[in-house]
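Below is start-v7.cif, which holds mmCIF, C-alpha atoms.
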data_protein
loop_
_atom_site.label_atom_id
_atom_site.label_comp_id
_atom_site.auth_asym_id
_atom_site.auth_seq_id
_atom_site.Cartn_x
_atom_site.Cartn_y
_atom_site.Cartn_z
CA MET A 1 -28.48 6.16 -9.70
CA ARG A 2 -26.65 6.22 -13.02
CA MET A 3 -23.57 4.08 -13.59
CA GLU A 4 -21.30 7.14 -13.78
CA LEU A 5 -22.50 8.39 -10.39
CA GLN A 6 -22.03 4.97 -8.84
CA ILE A 7 -18.47 4.73 -10.16
CA ALA A 8 -17.72 8.24 -8.90
CA PHE A 9 -19.22 7.43 -5.49
CA TRP A 10 -17.18 4.25 -4.99
CA LEU A 11 -14.00 5.91 -6.25
CA LEU A 12 -14.54 8.68 -3.70
CA MET A 13 -15.06 6.11 -0.96
CA LEU A 14 -11.89 4.30 -2.02
CA ILE A 15 -9.89 7.53 -1.96
CA LEU A 16 -11.23 8.46 1.48
CA PHE A 17 -10.47 4.98 2.78
CA GLY A 18 -6.91 5.15 1.45
CA PHE A 19 -6.41 8.60 2.97
CA ALA A 20 -7.71 7.39 6.34
CA CYS A 21 -5.33 4.39 6.26
CA PHE A 22 -2.43 6.71 5.44
CA LEU A 23 -3.45 9.17 8.17
CA PHE A 24 -3.72 6.51 10.91
CA SER A 25 -0.97 4.20 9.63
CA GLY A 26 1.01 4.68 12.84
CA VAL A 27 -1.64 2.95 14.99
CA LEU A 28 -3.17 0.52 12.50
CA ALA A 29 -0.52 -2.22 12.65
CA PRO A 30 -2.06 -4.29 15.52
CA PHE A 31 -5.54 -4.08 13.98
CA VAL A 32 -4.39 -4.97 10.47
CA ALA A 33 -2.36 -7.86 11.90
CA SER A 34 -5.46 -8.98 13.81
CA LEU A 35 -7.52 -8.93 10.61
CA ALA A 36 -4.87 -11.02 8.87
CA LEU A 37 -4.76 -13.52 11.75
CA GLY A 38 -8.55 -13.63 11.89
CA TYR A 39 -8.72 -14.36 8.18
CA VAL A 40 -6.12 -17.12 8.46
CA LEU A 41 -7.57 -18.70 11.62
CA ASP A 42 -11.29 -18.47 10.82
CA PRO A 43 -11.29 -21.77 8.84
CA VAL A 44 -9.63 -23.45 11.83
CA VAL A 45 -12.33 -22.15 14.18
CA THR A 46 -15.03 -23.27 11.74
CA ARG A 47 -13.52 -26.73 11.54
CA MET A 48 -13.40 -26.97 15.35
CA GLN A 49 -17.07 -25.94 15.46
CA ARG A 50 -17.89 -28.86 13.17
CA MET A 51 -16.12 -31.10 15.69
CA GLY A 52 -18.62 -30.05 18.38
CA LEU A 53 -17.02 -27.01 20.05
CA SER A 54 -18.78 -23.69 20.33
CA ARG A 55 -17.23 -20.74 18.52
CA LEU A 56 -16.27 -19.16 21.85
CA ALA A 57 -14.56 -22.35 23.04
CA ALA A 58 -12.74 -22.84 19.75
CA THR A 59 -11.53 -19.23 19.81
CA LEU A 60 -10.32 -19.59 23.41
CA VAL A 61 -8.40 -22.75 22.52
CA ILE A 62 -6.71 -21.05 19.56
CA LEU A 63 -5.93 -17.95 21.64
CA PHE A 64 -4.43 -20.11 24.40
CA VAL A 65 -2.23 -22.00 21.93
CA PHE A 66 -1.17 -18.70 20.34
CA LEU A 67 -0.21 -17.20 23.71
CA VAL A 68 1.74 -20.31 24.71
CA LEU A 69 3.67 -20.24 21.45
CA LEU A 70 4.27 -16.50 21.86
CA VAL A 71 5.66 -16.99 25.38
CA ILE A 72 7.89 -19.85 24.23
CA LEU A 73 9.22 -17.80 21.34
CA PHE A 74 9.73 -14.69 23.47
CA PHE A 75 11.51 -16.36 26.38
CA GLY A 76 13.10 -19.22 24.45
CA LEU A 77 14.25 -17.71 21.18
CA GLY A 78 14.16 -14.02 22.10
CA PRO A 79 17.40 -13.95 24.15
CA ILE A 80 19.24 -16.08 21.58
CA LEU A 81 18.16 -13.92 18.67
CA GLY A 82 18.86 -10.74 20.63
CA ARG A 83 22.43 -11.80 21.47
CA GLN A 84 23.11 -12.93 17.92
CA LEU A 85 21.66 -9.74 16.46
CA VAL A 86 23.82 -7.55 18.69
CA GLY A 87 26.87 -9.71 18.02
CA PHE A 88 26.23 -9.72 14.28
CA VAL A 89 25.92 -5.92 14.15
CA GLU A 90 29.07 -5.45 16.23
CA SER A 91 31.08 -8.01 14.24
CA LEU A 92 29.91 -6.87 10.82
CA PRO A 93 32.68 -4.26 10.34
CA ASP A 94 35.36 -6.84 11.21
CA TYR A 95 33.89 -9.36 8.80
CA VAL A 96 33.75 -6.75 6.08
CA ASN A 97 37.35 -5.66 6.65
CA LYS A 98 38.58 -9.25 6.62
CA LEU A 99 36.55 -10.03 3.50
CA GLN A 100 37.94 -6.95 1.79
CA ALA A 101 41.50 -7.95 2.69
CA LEU A 102 40.97 -11.51 1.44
CA ILE A 103 39.49 -10.41 -1.86
CA SER A 104 42.12 -7.71 -2.36
CA ASP A 105 45.03 -10.06 -1.64
CA GLU A 106 43.67 -12.77 -3.94
CA LEU A 107 42.87 -10.24 -6.65
CA ALA A 108 46.32 -8.69 -6.46
CA GLY A 109 47.92 -12.14 -6.63
CA LEU A 110 45.87 -13.10 -9.67
CA LEU A 111 46.77 -9.86 -11.43
CA GLN A 112 50.44 -10.33 -10.68
CA SER A 113 50.49 -14.00 -11.70
CA TYR A 114 48.23 -14.10 -14.72
CA GLY A 115 47.48 -10.55 -15.80
CA GLY A 116 50.81 -8.79 -15.48
CA GLU A 117 51.97 -9.29 -19.05
CA TRP A 118 48.60 -8.36 -20.52
CA LEU A 119 48.42 -5.22 -18.40
CA LYS A 120 51.91 -4.18 -19.52
CA LYS A 121 50.94 -4.63 -23.16
CA LEU A 122 47.89 -2.44 -22.57
CA GLY A 123 50.02 0.22 -20.90
CA PHE A 124 48.93 -0.40 -17.30
CA ASP A 125 51.04 -1.09 -14.25
CA ALA A 126 49.95 -4.23 -12.43
CA PRO A 127 50.65 -3.03 -8.84
CA SER A 128 48.91 0.33 -9.36
CA THR A 129 45.95 -1.40 -11.04
CA ALA A 130 45.66 -3.81 -8.13
CA ASP A 131 45.83 -0.92 -5.65
CA GLY A 132 43.12 0.95 -7.56
CA LEU A 133 40.84 -2.08 -7.61
CA GLN A 134 41.49 -2.66 -3.93
CA LYS A 135 40.58 0.94 -3.09
CA SER A 136 37.40 0.84 -5.17
CA LEU A 137 36.41 -2.51 -3.66
CA GLY A 138 37.07 -1.19 -0.17
CA ASN A 139 34.90 1.88 -0.74
CA PHE A 140 32.07 -0.23 -2.17
CA ILE A 141 32.09 -2.81 0.62
CA GLY A 142 32.55 -0.16 3.29
CA GLN A 143 29.53 1.83 2.14
CA GLY A 144 27.40 -1.30 1.88
CA ALA A 145 28.40 -2.39 5.38
CA GLN A 146 27.65 1.06 6.77
CA TYR A 147 24.17 1.12 5.25
CA LEU A 148 23.44 -2.40 6.47
CA GLY A 149 24.73 -1.70 9.97
CA ASN A 150 22.62 1.45 10.26
CA PHE A 151 19.56 -0.47 9.08
CA LEU A 152 20.05 -3.30 11.59
CA LYS A 153 20.66 -0.86 14.43
CA SER A 154 17.52 1.09 13.51
CA LEU A 155 15.44 -2.06 14.03
CA TRP A 156 16.01 -1.89 17.77
CA SER A 157 16.86 1.76 18.36
CA GLY A 158 14.26 4.29 19.38
CA GLY A 159 11.40 3.99 21.84
CA THR A 160 8.78 4.18 19.10
CA ALA A 161 9.87 0.90 17.53
CA LEU A 162 9.94 -0.82 20.92
CA VAL A 163 6.51 0.49 21.85
CA GLY A 164 5.21 -0.62 18.45
CA ILE A 165 6.52 -4.16 18.97
CA ILE A 166 5.01 -4.36 22.46
CA ALA A 167 1.67 -3.01 21.22
CA LEU A 168 1.69 -5.49 18.36
CA ALA A 169 2.32 -8.40 20.75
CA VAL A 170 -0.23 -7.31 23.38
CA VAL A 171 -3.08 -5.76 21.39
CA THR A 172 -3.11 -8.18 18.45
CA PRO A 173 -4.23 -11.31 20.40
CA VAL A 174 -7.05 -9.37 22.12
CA VAL A 175 -8.39 -7.85 18.90
CA THR A 176 -8.02 -11.18 17.09
CA PHE A 177 -10.09 -12.88 19.81
CA TYR A 178 -13.03 -10.51 19.33
CA LEU A 179 -12.75 -10.67 15.55
CA LEU A 180 -12.81 -14.47 15.51
CA ILE A 181 -15.92 -14.58 17.71
CA SER A 182 -17.85 -12.16 15.49
CA TRP A 183 -16.33 -13.13 12.13
CA PRO A 184 -19.48 -14.80 10.62
CA GLU A 185 -21.63 -11.83 11.66
CA MET A 186 -19.14 -9.40 10.14
CA VAL A 187 -19.11 -11.27 6.83
CA ALA A 188 -22.92 -11.48 6.79
CA THR A 189 -23.23 -7.75 7.51
CA ILE A 190 -20.84 -6.81 4.72
CA ARG A 191 -22.63 -9.15 2.31
CA SER A 192 -26.00 -7.62 3.19
CA LEU A 193 -24.71 -4.16 2.21
CA ILE A 194 -24.05 -5.26 -1.38
CA PRO A 195 -26.87 -4.19 -3.75
CA PRO A 196 -28.81 -7.30 -4.84
CA ARG A 197 -28.33 -6.64 -8.55
CA TYR A 198 -24.52 -6.60 -8.15
CA ARG A 199 -24.28 -9.31 -5.49
CA PRO A 200 -23.44 -12.25 -7.84
CA THR A 201 -20.64 -10.27 -9.51
CA VAL A 202 -19.21 -9.00 -6.21
CA LEU A 203 -19.35 -12.48 -4.66
CA GLU A 204 -17.59 -13.90 -7.72
CA ILE A 205 -14.79 -11.34 -7.42
CA SER A 206 -14.50 -11.75 -3.65
CA GLY A 207 -14.32 -15.52 -4.09
CA GLU A 208 -11.38 -15.16 -6.48
CA ILE A 209 -9.65 -12.78 -4.06
CA ASP A 210 -10.25 -15.22 -1.21
CA ARG A 211 -8.74 -18.10 -3.17
CA ALA A 212 -5.71 -16.01 -4.09
CA LEU A 213 -5.14 -14.85 -0.52
CA ALA A 214 -5.76 -18.26 1.01
CA GLY A 215 -3.35 -19.92 -1.36
CA PHE A 216 -0.61 -17.38 -0.78
CA LEU A 217 -0.91 -16.38 2.88
CA ARG A 218 -1.49 -19.80 4.39
CA GLY A 219 0.83 -21.66 2.05
CA GLN A 220 3.64 -19.11 2.05
CA SER A 221 3.50 -18.78 5.85
CA ILE A 222 4.25 -22.50 6.19
CA VAL A 223 7.02 -22.19 3.60
CA CYS A 224 8.59 -19.29 5.52
CA LEU A 225 8.40 -21.23 8.79
CA PHE A 226 10.04 -24.27 7.21
CA LEU A 227 12.82 -22.25 5.59
CA GLY A 228 13.52 -20.35 8.81
CA VAL A 229 13.89 -23.58 10.76
CA TRP A 230 15.87 -25.26 7.97
CA TYR A 231 18.31 -22.39 7.55
CA GLY A 232 18.61 -21.61 11.27
CA VAL A 233 19.14 -25.18 12.45
CA GLY A 234 21.29 -26.16 9.47
CA LEU A 235 23.64 -23.19 9.67
CA THR A 236 23.91 -23.63 13.43
CA LEU A 237 24.75 -27.34 13.15
CA ILE A 238 27.62 -26.71 10.72
CA GLY A 239 29.10 -24.25 13.21
CA LEU A 240 28.48 -20.99 11.34
CA ASN A 241 28.70 -17.89 13.52
CA PHE A 242 25.31 -16.16 13.88
CA GLY A 243 23.80 -19.00 11.83
CA PHE A 244 20.55 -19.08 13.82
CA PHE A 245 19.94 -15.36 13.37
CA ILE A 246 20.81 -15.44 9.67
CA GLY A 247 18.56 -18.46 9.09
CA LEU A 248 15.49 -17.15 10.87
CA SER A 249 15.86 -13.71 9.28
CA ALA A 250 16.09 -15.30 5.83
CA GLY A 251 13.04 -17.46 6.55
CA PHE A 252 11.02 -14.39 7.56
CA LEU A 253 12.15 -12.48 4.46
CA SER A 254 11.18 -15.43 2.26
CA PHE A 255 7.68 -13.94 2.30
CA ILE A 256 9.11 -11.65 -0.41
CA PRO A 257 10.09 -13.77 -3.43
CA TYR A 258 13.84 -14.30 -3.83
CA VAL A 259 14.74 -11.87 -1.02
CA GLY A 260 14.95 -14.54 1.70
CA SER A 261 17.08 -16.94 -0.31
CA THR A 262 19.40 -14.13 -1.43
CA THR A 263 19.78 -12.94 2.17
CA ALA A 264 20.62 -16.43 3.41
CA LEU A 265 23.11 -17.04 0.62
CA VAL A 266 24.92 -13.69 0.82
CA PHE A 267 25.35 -13.53 4.59
CA SER A 268 26.14 -17.20 5.07
CA VAL A 269 28.77 -17.03 2.31
CA ILE A 270 30.37 -13.91 3.82
CA VAL A 271 30.51 -15.30 7.34
CA ALA A 272 31.60 -18.79 6.22
CA LEU A 273 34.32 -17.42 3.95
CA VAL A 274 35.85 -15.21 6.63
CA GLN A 275 35.34 -17.68 9.48
CA GLY A 276 36.76 -20.72 7.70
CA TRP A 277 39.52 -19.17 5.55
CA PRO A 278 41.69 -20.66 4.10
CA ASN A 279 39.68 -23.87 4.52
CA LEU A 280 36.62 -23.73 2.22
CA GLY A 281 34.79 -26.65 3.85
CA LEU A 282 32.53 -24.38 5.94
CA LEU A 283 31.71 -22.33 2.85
CA GLY A 284 30.68 -25.47 0.96
CA LEU A 285 28.48 -26.64 3.84
CA ALA A 286 26.79 -23.24 4.13
CA ILE A 287 26.02 -23.19 0.40
CA LEU A 288 24.73 -26.78 0.67
CA VAL A 289 22.32 -25.83 3.48
CA VAL A 290 20.95 -22.82 1.62
CA GLU A 291 20.67 -24.49 -1.78
CA SER A 292 19.05 -27.63 -0.37
CA GLY A 293 16.45 -25.47 1.34
CA GLN A 294 15.81 -23.67 -1.94
CA PHE A 295 15.48 -26.98 -3.76
CA LEU A 296 12.88 -28.25 -1.30
CA GLU A 297 11.03 -24.93 -1.38
CA GLY A 298 10.95 -24.67 -5.16
CA ASN A 299 10.23 -28.30 -6.02
CA VAL A 300 8.22 -29.65 -3.08
CA LEU A 301 6.77 -27.05 -0.71
CA SER A 302 5.65 -24.17 -2.94
CA PRO A 303 4.02 -26.38 -5.62
CA LYS A 304 2.12 -28.30 -2.92
CA LEU A 305 1.23 -25.51 -0.47
CA VAL A 306 1.10 -22.34 -2.56
CA GLY A 307 0.39 -23.71 -6.03
CA GLY A 308 0.40 -21.93 -9.35
CA SER A 309 -3.12 -20.53 -9.25
CA VAL A 310 -2.45 -17.76 -6.74
CA GLY A 311 -2.19 -15.10 -9.42
CA LEU A 312 0.42 -12.98 -7.63
CA HIS A 313 3.37 -12.45 -9.93
CA PRO A 314 6.64 -12.07 -7.98
CA VAL A 315 7.43 -8.70 -9.62
CA TRP A 316 3.98 -7.36 -8.79
CA LEU A 317 4.25 -8.62 -5.20
CA ILE A 318 7.72 -7.10 -4.68
CA PHE A 319 6.51 -3.75 -6.07
CA ALA A 320 3.44 -3.80 -3.81
CA LEU A 321 5.50 -4.57 -0.72
CA PHE A 322 7.98 -1.78 -1.40
CA ALA A 323 5.31 0.72 -2.48
CA PHE A 324 2.94 0.22 0.46
CA GLY A 325 5.87 -0.18 2.85
CA SER A 326 7.28 3.21 1.83
CA LEU A 327 3.86 4.84 2.21
CA MET A 328 2.67 3.26 5.46
CA GLY A 329 5.63 1.45 6.99
CA PHE A 330 5.00 -1.91 8.65
CA THR A 331 1.24 -1.48 8.30
CA GLY A 332 1.65 -1.01 4.56
CA MET A 333 3.69 -4.20 4.28
CA ILE A 334 0.89 -6.12 6.03
CA LEU A 335 -1.69 -4.61 3.68
CA ALA A 336 0.45 -5.08 0.56
CA VAL A 337 -0.34 -8.75 -0.09
CA PRO A 338 -4.16 -8.60 0.22
CA LEU A 339 -4.32 -5.34 -1.71
CA ALA A 340 -2.02 -6.71 -4.42
CA ALA A 341 -4.20 -9.82 -4.70
CA ALA A 342 -7.38 -7.76 -4.80
CA ILE A 343 -6.05 -5.36 -7.43
CA GLY A 344 -4.81 -8.27 -9.54
CA VAL A 345 -8.20 -9.98 -9.43
CA LEU A 346 -9.98 -6.72 -10.30
CA ILE A 347 -7.67 -6.11 -13.25
CA ARG A 348 -8.23 -9.65 -14.57
CA PHE A 349 -11.99 -9.23 -14.11
CA ALA A 350 -11.93 -5.90 -15.98
CA ILE A 351 -9.95 -7.43 -18.84
CA LYS A 352 -12.39 -10.37 -18.99
CA ARG A 353 -15.40 -8.05 -19.14
CA TYR A 354 -13.67 -5.88 -21.75
CA LYS A 355 -13.08 -8.90 -24.01
CA GLN A 356 -16.76 -9.82 -23.65
CA SER A 357 -18.00 -6.32 -24.42
CA ALA A 358 -19.15 -4.83 -27.69
CA LEU A 359 -16.21 -2.40 -27.51
CA PHE A 360 -13.84 -5.34 -28.02
CA HIS A 361 -15.89 -7.25 -30.63
CA ASP A 362 -17.19 -4.30 -32.66
CA LEU A 363 -14.75 -4.08 -35.57
CA GLY A 364 -16.35 -1.01 -37.09
CA PRO A 365 -17.76 -0.48 -40.62
CA ASP A 366 -14.38 -0.15 -42.31
CA VAL A 367 -12.86 -3.38 -40.95
CA ALA A 368 -13.57 -6.61 -42.84
#
Would you write the structure of this file as structure tokens?
Amino acid sequence: MRMELQIAFWLLMLILFGFACFLFSGVLAPFVASLALGYVLDPVVTRMQRMGLSRLAATLVILFVFLVLLVILFFGLGPILGRQLVGFVESLPDYVNKLQALISDELAGLLQSYGGEWLKKLGFDAPSTADGLQKSLGNFIGQGAQYLGNFLKSLWSGGTALVGIIALAVVTPVVTFYLLISWPEMVATIRSLIPPRYRPTVLEISGEIDRALAGFLRGQSIVCLFLGVWYGVGLTLIGLNFGFFIGLSAGFLSFIPYVGSTTALVFSVIVALVQGWPNLGLLGLAILVVESGQFLEGNVLSPKLVGGSVGLHPVWLIFALFAFGSLMGFTGMILAVPLAAAIGVLIRFAIKRYKQSALFHDLGPDVA
């Protein structure tokens, strides 16, 4: 088969695979999550095999530990997070109104005290300018609060979302169990389907993808867990309302670069400012908790656990998460990281081959 036909064949297969994923995206989430868990946990099972356990026994041990942790999280943290989520959504309008009033009053006072003379010279009236700024600020904050409240309510509204969460929690452990048992056979079968003449190149590319995924998924998962605990416990200890919910949510969102830290900072500052006003001590403590977590993440955890050789640029990762999330929902967000890593490795491989080719080195007859 000529090279052009092979390229056309594999492009067609890729298009059909993408269309199938898009078509069945509503039911793929538990299976994609199981593949991700199987990929992350397979080295653990292999290490337990080296310690003398059979693969079945090692898989059962891991599944038992996973179920115990799931039950503890569901019955231990579930009610707390549920109450704080409901309370946060219900209290959000009050916090926004109080924040708007605080900012408006302080802004009007500053304009009256320090900007009145300058405004008069420019032909503006200080009270009317302050009222206009207050109205604009109120509209801006009100719209933002409305969008955020609708988004948070949509997380738990609707039977489809609830059924999806239950299916994810029930089906994922079962599928992961069977995948972990047959993981070596699956890898061997896929490897045997690679044409022998292309096998070294494909194995080289897959090895780079594996290193990129391993470095990011396993390392960043630990970072997210640490940040969630750090933010949640720290904000709770300083007495911040809804601190546990804000902290764990920010830790989960830390999987997306800069989104988790921004979420923790914005919401903790809003709640601390309104809750502690006019005393700014709570605000200072909240900022200290968030910034200390960011310092540890940026200078200790990420360099040690994730490293700089992952090859996933933050901008590329954010784009992939939003793009695949908009196309396939939660399933797309699960697929975004491995697909982004794979595409990045393929692009780097193509650039490397291009620089080694005659097309790159052939300067032509007219070029000295």
Excluding same-chain residues fewer than 3 positions from Leu321 (chain A), what lies within 6 Å of it counting all atoms listed in the file, as a short mmCIF file (atom, residue, chain, number, x, y, z; two decimals) with C-alpha atoms, in the coordinates of the input?
data_model
loop_
_atom_site.label_atom_id
_atom_site.label_comp_id
_atom_site.auth_asym_id
_atom_site.auth_seq_id
_atom_site.Cartn_x
_atom_site.Cartn_y
_atom_site.Cartn_z
CA ILE A 318 7.72 -7.10 -4.68
CA PHE A 324 2.94 0.22 0.46
CA GLY A 325 5.87 -0.18 2.85
CA MET A 333 3.69 -4.20 4.28
CA ALA A 336 0.45 -5.08 0.56
#
Test item: the PyMOL selection byres ((chain A and resi 39-49) around 9) resolved as a PyMOL selection string: chain A and resi 34-38+50-55+57-59+62+180+183-184+214+217-218
Within 9 Å of region 227-241 of chain A, which residues of region 263-333 of chain A come that close, and what is the closest atom pair and distance in Å for each? Count all atoms listed in the file and give it as JSON lines.
{"residue": "A:Ala264", "atom": "CA", "partner": "A:Tyr231", "partner_atom": "CA", "distance": 7.6}
{"residue": "A:Ser268", "atom": "CA", "partner": "A:Leu240", "partner_atom": "CA", "distance": 7.7}
{"residue": "A:Val271", "atom": "CA", "partner": "A:Asn241", "partner_atom": "CA", "distance": 6.9}
{"residue": "A:Ala272", "atom": "CA", "partner": "A:Leu240", "partner_atom": "CA", "distance": 6.4}
{"residue": "A:Gln275", "atom": "CA", "partner": "A:Asn241", "partner_atom": "CA", "distance": 7.8}
{"residue": "A:Leu282", "atom": "CA", "partner": "A:Ile238", "partner_atom": "CA", "distance": 7.2}
{"residue": "A:Leu285", "atom": "CA", "partner": "A:Ile238", "partner_atom": "CA", "distance": 6.9}
{"residue": "A:Ala286", "atom": "CA", "partner": "A:Leu235", "partner_atom": "CA", "distance": 6.4}
{"residue": "A:Val289", "atom": "CA", "partner": "A:Gly234", "partner_atom": "CA", "distance": 6.1}
{"residue": "A:Val290", "atom": "CA", "partner": "A:Tyr231", "partner_atom": "CA", "distance": 6.5}
{"residue": "A:Gly293", "atom": "CA", "partner": "A:Leu227", "partner_atom": "CA", "distance": 6.5}
{"residue": "A:Gln294", "atom": "CA", "partner": "A:Leu227", "partner_atom": "CA", "distance": 8.2}
{"residue": "A:Glu297", "atom": "CA", "partner": "A:Leu227", "partner_atom": "CA", "distance": 7.7}
The PyMOL selection byres ((chain A and resi 75-91) around 7) applied to the shown file, residues as a list in words: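 When the PyMOL selection byres ((chain A and resi 75-91) around 7) is applied, the selected residues are Val71, Ile72, Leu73, Phe74, Leu92, Pro93, Asp94, Tyr95, Gly149, Leu152, Phe242 and Phe245 of chain A.
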Pairwise distance for CA of Leu67 (chain A) and CA of Val170 (chain A), rounded to one decimal in Å: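 Taking CA of Leu67 (chain A) and CA of Val170 (chain A), their separation equals 9.9 Å.
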Selected residue, from A:Leu99, A:Leu280, A:Cys224, A:Leu288, that lies nearest to Gly260 (chain A) when counting all atoms listed in the file: A:Cys224
Residue among A:Leu317, A:Leu5, A:Val266, A:Phe360 lying closest to Leu283 (chain A), counting all atoms listed in the file: A:Val266
